[in-house]
$ cat final_16.cif   # mmCIF, C-alpha atoms
data_start
loop_
_atom_site.label_atom_id
_atom_site.label_comp_id
_atom_site.auth_asym_id
_atom_site.auth_seq_id
_atom_site.Cartn_x
_atom_site.Cartn_y
_atom_site.Cartn_z
CA MET A 1177 -15.96 -4.97 -0.07
CA GLN A 1178 -15.04 -1.27 -0.13
CA LYS A 1179 -11.96 -1.84 1.99
CA THR A 1180 -10.83 -4.78 -0.13
CA GLN A 1181 -11.37 -2.82 -3.33
CA SER A 1182 -9.33 0.09 -1.97
CA ASN A 1183 -6.53 -2.30 -1.01
CA VAL A 1184 -6.45 -3.80 -4.49
CA VAL A 1185 -6.38 -0.45 -6.30
CA THR A 1186 -3.60 0.87 -4.05
CA SER A 1187 -1.55 -2.32 -4.32
CA LEU A 1188 -1.75 -2.47 -8.13
CA ARG A 1189 -1.00 1.25 -8.46
CA GLN A 1190 2.10 0.87 -6.29
CA MET A 1191 3.23 -2.24 -8.19
CA ILE A 1192 3.07 -0.23 -11.42
CA LEU A 1193 4.96 2.68 -9.89
CA ASP A 1194 7.63 0.36 -8.46
CA GLY A 1195 8.11 -1.39 -11.80
CA GLU A 1196 6.92 -4.74 -10.47
CA LEU A 1197 4.28 -4.52 -13.19
CA LYS A 1198 6.15 -3.12 -16.17
CA ALA A 1199 4.74 -1.44 -19.23
CA GLY A 1200 3.32 -3.99 -21.66
CA VAL A 1201 2.53 -6.61 -19.00
CA ARG A 1202 -0.88 -8.19 -19.51
CA LEU A 1203 -3.18 -8.53 -16.50
CA ALA A 1204 -6.09 -10.91 -16.11
CA GLU A 1205 -8.59 -11.20 -13.27
CA ILE A 1206 -7.92 -14.77 -12.09
CA PRO A 1207 -4.10 -14.70 -11.75
CA THR A 1208 -4.21 -11.20 -10.27
CA SER A 1209 -6.85 -12.15 -7.71
CA GLU A 1210 -4.82 -15.24 -6.76
CA LYS A 1211 -1.66 -13.18 -6.40
CA LEU A 1212 -3.34 -10.59 -4.17
CA GLY A 1213 -5.41 -13.14 -2.25
CA VAL A 1214 -8.79 -11.58 -3.03
CA SER A 1215 -11.83 -12.46 -5.09
CA ARG A 1216 -12.19 -11.49 -8.76
CA THR A 1217 -14.79 -8.76 -8.12
CA PRO A 1218 -12.48 -6.19 -6.42
CA VAL A 1219 -9.81 -6.94 -9.03
CA ARG A 1220 -12.28 -6.28 -11.85
CA ILE A 1221 -13.30 -2.97 -10.25
CA ALA A 1222 -9.65 -2.05 -9.65
CA PHE A 1223 -8.76 -2.68 -13.30
CA ARG A 1224 -11.52 -0.31 -14.39
CA ALA A 1225 -10.39 2.33 -11.88
CA LEU A 1226 -6.78 2.13 -13.04
CA GLU A 1227 -7.91 2.30 -16.65
CA GLN A 1228 -9.68 5.55 -15.78
CA GLU A 1229 -6.44 6.80 -14.19
CA GLY A 1230 -4.55 6.09 -17.40
CA LEU A 1231 -2.39 3.32 -15.94
CA LEU A 1232 -4.03 0.37 -17.75
CA THR A 1233 -5.32 -0.15 -21.28
CA LYS A 1234 -8.30 -2.41 -21.98
CA LEU A 1235 -7.38 -5.10 -24.47
CA PRO A 1236 -9.76 -5.83 -27.39
CA ARG A 1237 -10.72 -9.32 -26.26
CA ARG A 1238 -10.00 -9.89 -22.59
CA GLY A 1239 -7.84 -8.43 -19.85
CA TYR A 1240 -5.76 -5.28 -19.53
CA GLU A 1241 -2.24 -4.15 -20.30
CA VAL A 1242 -0.01 -1.86 -18.24
CA ARG A 1243 0.39 1.40 -20.14
CA SER A 1244 3.73 2.89 -21.01
CA VAL A 1245 3.84 6.16 -19.07
CA SER A 1246 6.55 8.77 -19.43
CA THR A 1247 7.85 10.96 -16.63
CA GLU A 1248 6.89 14.00 -18.72
CA GLU A 1249 3.28 12.80 -18.97
CA ILE A 1250 2.99 12.46 -15.21
CA ILE A 1251 4.67 15.81 -14.51
CA GLY A 1252 2.42 17.60 -16.99
CA ALA A 1253 -0.76 16.10 -15.55
CA VAL A 1254 0.19 16.88 -11.95
CA GLU A 1255 1.15 20.44 -12.82
CA VAL A 1256 -2.19 20.99 -14.55
CA ARG A 1257 -3.99 19.66 -11.47
CA GLY A 1258 -1.98 22.08 -9.33
CA VAL A 1259 -3.04 25.04 -11.48
CA LEU A 1260 -6.70 24.03 -11.46
CA GLU A 1261 -6.89 23.22 -7.74
CA GLY A 1262 -4.94 26.39 -6.95
CA LEU A 1263 -7.52 28.39 -8.88
CA ALA A 1264 -10.31 26.60 -7.01
CA ALA A 1265 -8.72 27.45 -3.65
CA ARG A 1266 -8.32 31.12 -4.63
CA GLN A 1267 -11.89 31.43 -5.81
CA ALA A 1268 -13.18 29.65 -2.70
CA ALA A 1269 -11.28 32.18 -0.56
CA GLU A 1270 -12.57 35.13 -2.58
CA ARG A 1271 -16.18 33.95 -2.56
CA GLY A 1272 -16.09 32.89 1.08
CA LEU A 1273 -16.85 29.43 2.43
CA SER A 1274 -20.38 28.45 3.26
CA GLU A 1275 -20.96 27.32 6.83
CA ASP A 1276 -21.41 23.74 5.63
CA HIS A 1277 -18.18 23.73 3.63
CA GLN A 1278 -16.20 25.29 6.45
CA LYS A 1279 -17.54 22.79 8.95
CA ALA A 1280 -16.90 19.85 6.62
CA LEU A 1281 -13.28 20.90 6.01
CA ALA A 1282 -12.69 21.39 9.74
CA VAL A 1283 -14.02 17.89 10.44
CA LEU A 1284 -11.75 16.41 7.77
CA LEU A 1285 -8.72 18.20 9.23
CA GLU A 1286 -9.49 16.72 12.64
CA GLU A 1287 -9.95 13.31 11.05
CA GLY A 1288 -6.55 13.58 9.36
CA ASP A 1289 -4.96 14.63 12.64
CA ARG A 1290 -6.38 11.53 14.34
CA ILE A 1291 -5.20 9.22 11.57
CA LEU A 1292 -1.64 10.55 11.73
CA ALA A 1293 -1.47 10.70 15.53
CA VAL A 1294 -0.77 6.96 15.89
CA LYS A 1295 2.74 5.76 16.70
CA GLU A 1296 2.94 3.59 13.61
CA LEU A 1297 0.77 3.95 10.52
CA SER A 1298 -0.82 0.86 9.02
CA GLU A 1299 -1.99 0.30 5.46
CA SER A 1300 -5.54 0.73 6.72
CA ASP A 1301 -4.61 4.12 8.23
CA LEU A 1302 -3.19 5.33 4.92
CA GLU A 1303 -6.23 4.16 3.00
CA HIS A 1304 -8.41 6.02 5.50
CA TYR A 1305 -6.22 9.08 4.95
CA GLN A 1306 -6.63 8.66 1.20
CA GLN A 1307 -10.42 8.84 1.52
CA MET A 1308 -10.17 11.91 3.75
CA ASN A 1309 -7.75 13.55 1.33
CA LYS A 1310 -10.04 13.04 -1.66
CA ARG A 1311 -13.01 14.51 0.19
CA PHE A 1312 -10.94 17.54 1.29
CA HIS A 1313 -9.93 18.28 -2.30
CA ASP A 1314 -13.49 17.71 -3.54
CA ILE A 1315 -14.90 20.24 -1.07
CA VAL A 1316 -12.34 22.91 -2.01
CA ILE A 1317 -13.34 22.43 -5.66
CA GLU A 1318 -17.05 22.56 -4.76
CA ALA A 1319 -16.49 25.75 -2.76
CA ALA A 1320 -15.11 27.53 -5.84
CA HIS A 1321 -18.54 27.27 -7.51
CA ASN A 1322 -16.84 27.09 -10.91
CA PRO A 1323 -18.15 24.23 -13.11
CA ALA A 1324 -15.32 24.80 -15.60
CA ILE A 1325 -12.72 23.82 -12.99
CA HIS A 1326 -14.60 20.63 -12.19
CA ALA A 1327 -14.95 19.74 -15.88
CA ALA A 1328 -11.27 20.36 -16.59
CA LEU A 1329 -10.18 18.30 -13.57
CA SER A 1330 -12.46 15.45 -14.63
CA ARG A 1331 -10.67 15.28 -17.98
CA ASN A 1332 -7.23 15.61 -16.41
CA GLU A 1333 -7.90 12.79 -13.93
CA HIS A 1334 -7.75 10.28 -16.78
CA LEU A 1335 -3.98 10.90 -16.91
CA PRO A 1336 -1.57 8.91 -14.69
CA PHE A 1337 -1.28 10.08 -11.07
CA ALA A 1338 -3.22 13.26 -11.88
CA SER A 1339 -6.07 12.59 -9.48
CA ALA A 1340 -5.96 13.59 -5.81
CA SER A 1341 -7.25 10.10 -5.05
CA ALA A 1342 -4.41 8.38 -6.92
CA LEU A 1343 -2.17 8.10 -3.88
CA ALA A 1344 0.57 5.49 -3.72
CA PHE A 1345 2.68 4.47 -0.76
CA ASP A 1346 5.65 2.22 -0.10
CA LYS A 1347 4.61 -0.53 2.32
CA ALA A 1348 8.26 -1.35 3.02
CA HIS A 1349 9.02 2.15 4.37
CA MET A 1350 5.98 3.16 6.38
CA LEU A 1351 7.91 5.55 8.67
CA ARG A 1352 9.04 7.57 5.66
CA GLU A 1353 5.53 7.50 4.24
CA ALA A 1354 4.14 8.74 7.56
CA ARG A 1355 6.38 11.81 7.37
CA ARG A 1356 5.27 12.44 3.79
CA PHE A 1357 1.59 12.34 4.69
CA GLU A 1358 2.16 14.48 7.79
CA PHE A 1359 3.68 17.18 5.58
CA ALA A 1360 0.79 16.92 3.12
CA HIS A 1361 -1.76 17.24 5.90
CA MET A 1362 0.05 20.28 7.30
CA GLN A 1363 -0.54 21.86 3.89
CA HIS A 1364 -4.24 21.01 4.24
CA HIS A 1365 -4.30 23.04 7.46
CA HIS A 1366 -2.51 25.96 5.84
CA VAL A 1367 -4.77 26.11 2.78
CA TYR A 1368 -7.85 25.89 5.01
CA HIS A 1369 -6.57 28.81 7.12
CA ALA A 1370 -5.93 30.86 3.97
CA ILE A 1371 -9.37 30.14 2.48
CA VAL A 1372 -11.24 30.87 5.73
CA ASN A 1373 -9.42 34.17 6.08
CA GLY A 1374 -10.03 35.22 2.49
CA LEU A 1375 -6.35 35.04 1.49
CA GLY A 1376 -6.88 34.05 -2.12
CA THR A 1377 -3.33 34.39 -3.42
CA ARG A 1378 -1.90 32.47 -0.47
CA ALA A 1379 -4.53 29.74 -0.79
CA GLU A 1380 -3.74 29.36 -4.49
CA GLY A 1381 0.00 29.12 -3.90
CA ILE A 1382 -0.30 26.52 -1.14
CA MET A 1383 -2.72 24.37 -3.13
CA ARG A 1384 -0.46 24.42 -6.18
CA GLU A 1385 2.54 23.45 -4.07
CA HIS A 1386 0.44 20.75 -2.40
CA ALA A 1387 -0.29 19.14 -5.78
CA ASN A 1388 3.27 19.54 -7.02
CA ALA A 1389 4.64 17.81 -3.91
CA THR A 1390 3.55 14.59 -5.62
CA LEU A 1391 6.34 15.11 -8.13
CA GLY A 1392 8.93 14.76 -5.39
CA TYR A 1393 7.65 11.26 -4.71
CA ILE A 1394 7.40 10.32 -8.39
CA ASN A 1395 10.97 11.51 -8.99
CA SER A 1396 12.45 9.95 -5.83
CA PRO A 1397 15.45 7.64 -6.35
CA ARG A 1398 13.40 4.49 -5.75
CA ASN A 1399 11.01 5.40 -8.59
CA ALA A 1400 13.26 7.34 -10.95
CA ASP A 1401 14.80 4.30 -12.65
CA GLN A 1402 11.44 2.77 -13.55
CA LEU A 1403 10.05 6.01 -14.90
CA THR A 1404 13.23 6.65 -16.87
CA VAL A 1405 12.98 3.23 -18.47
CA ILE A 1406 9.37 3.88 -19.42
CA SER A 1407 10.26 7.28 -20.82
CA GLU A 1408 13.07 5.78 -22.92
CA ARG A 1409 10.71 3.10 -24.24
CA ASP A 1410 8.23 5.78 -25.28
CA THR A 1411 11.01 7.63 -27.12
CA GLN A 1412 12.09 4.50 -28.95
CA ASN A 1413 8.52 3.82 -30.08
CA THR A 1414 7.98 7.27 -31.58
#
$ encode --input "final_16.cif" --output "structure tokens"
Amino acid sequence: MQKTQSNVVTSLRQMILDGELKAGVRLAEIPTSEKLGVSRTPVRIAFRALEQEGLLTKLPRRGYEVRSVSTEEIIGAVEVRGVLEGLAARQAAERGLSEDHQKALAVLLEEGDRILAVKELSESDLEHYQQMNKRFHDIVIEAAHNPAIHAALSRNEHLPFASASALAFDKAHMLREARRFEFAHMQHHHVYHAIVNGLGTRAEGIMREHANATLGYINSPRNADQLTVISERDTQNT
């Protein structure tokens, strides 16, 4: 069930990003489950997850609607996450990692290395990477021992693509996606090295850049047209 649910969330998120599901489109459990070839339960859970991410709006009676999301909204949310996670990385470096946190991060780095070592990444590999990535970010935030950072990130994660777990990938170009995730994981290694060695400023800078790298994907040519259309629609409605 967990694997199916993850597949559904990722697929719907990518369909929204690609423009296959445009702003204003209404989604219901039965037709969506039939389209994706899954039962209604993972679709229902995925709708709720994407509502939490700010990509869907719950309709008063039944079903959901794809939200109109502007490029500026996404950029702002990702930049805020970068600032907050950068602060967490700096404070984790300054405080020093506990033995448990250091060991857990090292294990996750090895896990990421194994995932990306295959000749050709599958959707399952990328979903596994997504879970590893979320845990890595969570531990860095835990290691800062700053409840205010966690609270602020929790609020920010309700904005589109602002969560570290809100990864999207293009199934039609898996080789390109592999390179993107390899670069991201290299940044994981670098921020870990900086934190372990007490290099707070370096850890902060790498973590901020790591978050902001998402913007390169959001603003890539294949996604720019859709986001521009959404942004223009928002402008017309104001």
$ residues_around --input "final_16.cif" --residues "Ala1199 (chain A)" --least-positions-apart "6" --cutoff "8 Å" --atoms "only C-alpha atoms" --output "PyMOL selection string"
chain A and resi 1241-1245+1406
$ resolve_selection --input "final_16.cif" --expression "the PyMOL selection byres ((chain A and resi 1302) around 10)" --output "compact mmCIF listing (two decimals) with C-alpha atoms, keeping the file's coordinate frame"
# COMPACT_ATOMS: atom_id res chain seq x y z
CA GLY A 1288 -6.55 13.58 9.36
CA ILE A 1291 -5.20 9.22 11.57
CA LEU A 1292 -1.64 10.55 11.73
CA LEU A 1297 0.77 3.95 10.52
CA SER A 1298 -0.82 0.86 9.02
CA GLU A 1299 -1.99 0.30 5.46
CA SER A 1300 -5.54 0.73 6.72
CA ASP A 1301 -4.61 4.12 8.23
CA GLU A 1303 -6.23 4.16 3.00
CA HIS A 1304 -8.41 6.02 5.50
CA TYR A 1305 -6.22 9.08 4.95
CA GLN A 1306 -6.63 8.66 1.20
CA GLN A 1307 -10.42 8.84 1.52
CA MET A 1308 -10.17 11.91 3.75
CA LEU A 1343 -2.17 8.10 -3.88
CA ALA A 1344 0.57 5.49 -3.72
CA PHE A 1345 2.68 4.47 -0.76
CA MET A 1350 5.98 3.16 6.38
CA GLU A 1353 5.53 7.50 4.24
CA ALA A 1354 4.14 8.74 7.56
CA PHE A 1357 1.59 12.34 4.69
$ resolve_selection --input "final_16.cif" --expression "the PyMOL selection byres ((chain A and resi 1214) around 12)" --output "number ranges by chain"
A: 1177, 1179-1185, 1187, 1205-1213, 1215-1220, 1222
$ residues_around --input "final_16.cif" --residues "Ala1327 (chain A)" --least-positions-apart "6" --cutoff "12 Å" --atoms "only C-alpha atoms" --output "list in words"
Arg1257, Leu1260, Glu1261, Ile1317, Glu1318, His1321, Glu1333 and His1334 of chain A
$ residues_around --input "final_16.cif" --residues "Gln1363 (chain A)" --least-positions-apart "2" --cutoff "9 Å" --atoms "only C-alpha atoms" --output "list in words"
Glu1358, Phe1359, Ala1360, His1361, His1365, His1366, Val1367, Tyr1368, Ile1382, Met1383, Glu1385 and His1386 of chain A
$ decode --input "final_16.cif" --residues "region 1201-1215 of chain A" --atoms "N, CA, C and O atoms" --output "mmCIF file, in the first residue's frame"
data_model
loop_
_atom_site.group_PDB
_atom_site.id
_atom_site.type_symbol
_atom_site.label_atom_id
_atom_site.label_comp_id
_atom_site.auth_asym_id
_atom_site.auth_seq_id
_atom_site.Cartn_x
_atom_site.Cartn_y
_atom_site.Cartn_z
ATOM 1 N N VAL A 1201 -9.038 22.202 -12.981
ATOM 2 C CA VAL A 1201 -9.551 20.858 -13.289
ATOM 3 C C VAL A 1201 -10.044 20.197 -12.006
ATOM 4 O O VAL A 1201 -9.380 20.237 -10.973
ATOM 5 N N ARG A 1202 -11.219 19.586 -12.087
ATOM 6 C CA ARG A 1202 -11.785 18.896 -10.937
ATOM 7 C C ARG A 1202 -11.365 17.433 -10.961
ATOM 8 O O ARG A 1202 -11.371 16.785 -12.003
ATOM 9 N N LEU A 1203 -11.009 16.925 -9.781
ATOM 10 C CA LEU A 1203 -10.555 15.541 -9.650
ATOM 11 C C LEU A 1203 -11.480 14.787 -8.706
ATOM 12 O O LEU A 1203 -11.857 15.303 -7.650
ATOM 13 N N ALA A 1204 -11.836 13.587 -9.097
ATOM 14 C CA ALA A 1204 -12.651 12.714 -8.261
ATOM 15 C C ALA A 1204 -11.951 11.369 -8.118
ATOM 16 O O ALA A 1204 -11.131 10.991 -8.960
ATOM 17 N N GLU A 1205 -12.252 10.654 -7.060
ATOM 18 C CA GLU A 1205 -11.536 9.417 -6.751
ATOM 19 C C GLU A 1205 -11.683 8.345 -7.833
ATOM 20 O O GLU A 1205 -10.686 7.761 -8.277
ATOM 21 N N ILE A 1206 -12.923 8.077 -8.258
ATOM 22 C CA ILE A 1206 -13.146 6.949 -9.168
ATOM 23 C C ILE A 1206 -12.462 7.145 -10.520
ATOM 24 O O ILE A 1206 -11.682 6.275 -10.948
ATOM 25 N N PRO A 1207 -12.690 8.242 -11.239
ATOM 26 C CA PRO A 1207 -12.010 8.394 -12.532
ATOM 27 C C PRO A 1207 -10.482 8.478 -12.399
ATOM 28 O O PRO A 1207 -9.764 7.982 -13.268
ATOM 29 N N THR A 1208 -10.004 9.064 -11.319
ATOM 30 C CA THR A 1208 -8.551 9.151 -11.133
ATOM 31 C C THR A 1208 -7.961 7.780 -10.853
ATOM 32 O O THR A 1208 -6.903 7.426 -11.392
ATOM 33 N N SER A 1209 -8.635 6.984 -10.032
ATOM 34 C CA SER A 1209 -8.136 5.638 -9.739
ATOM 35 C C SER A 1209 -8.157 4.769 -10.992
ATOM 36 O O SER A 1209 -7.234 3.976 -11.221
ATOM 37 N N GLU A 1210 -9.182 4.937 -11.832
ATOM 38 C CA GLU A 1210 -9.244 4.175 -13.084
ATOM 39 C C GLU A 1210 -8.137 4.603 -14.039
ATOM 40 O O GLU A 1210 -7.520 3.772 -14.707
ATOM 41 N N LYS A 1211 -7.858 5.887 -14.093
ATOM 42 C CA LYS A 1211 -6.819 6.395 -14.982
ATOM 43 C C LYS A 1211 -5.443 5.902 -14.575
ATOM 44 O O LYS A 1211 -4.611 5.564 -15.425
ATOM 45 N N LEU A 1212 -5.199 5.850 -13.257
ATOM 46 C CA LEU A 1212 -3.882 5.441 -12.768
ATOM 47 C C LEU A 1212 -3.775 3.933 -12.550
ATOM 48 O O LEU A 1212 -2.689 3.416 -12.284
ATOM 49 N N GLY A 1213 -4.903 3.236 -12.631
ATOM 50 C CA GLY A 1213 -4.890 1.784 -12.476
ATOM 51 C C GLY A 1213 -4.655 1.326 -11.045
ATOM 52 O O GLY A 1213 -3.981 0.317 -10.806
ATOM 53 N N VAL A 1214 -5.201 2.076 -10.093
ATOM 54 C CA VAL A 1214 -5.059 1.718 -8.677
ATOM 55 C C VAL A 1214 -6.425 1.779 -8.021
ATOM 56 O O VAL A 1214 -7.402 2.218 -8.625
ATOM 57 N N SER A 1215 -6.479 1.354 -6.763
ATOM 58 C CA SER A 1215 -7.741 1.418 -6.035
ATOM 59 C C SER A 1215 -8.008 2.848 -5.569
ATOM 60 O O SER A 1215 -7.147 3.727 -5.677
#
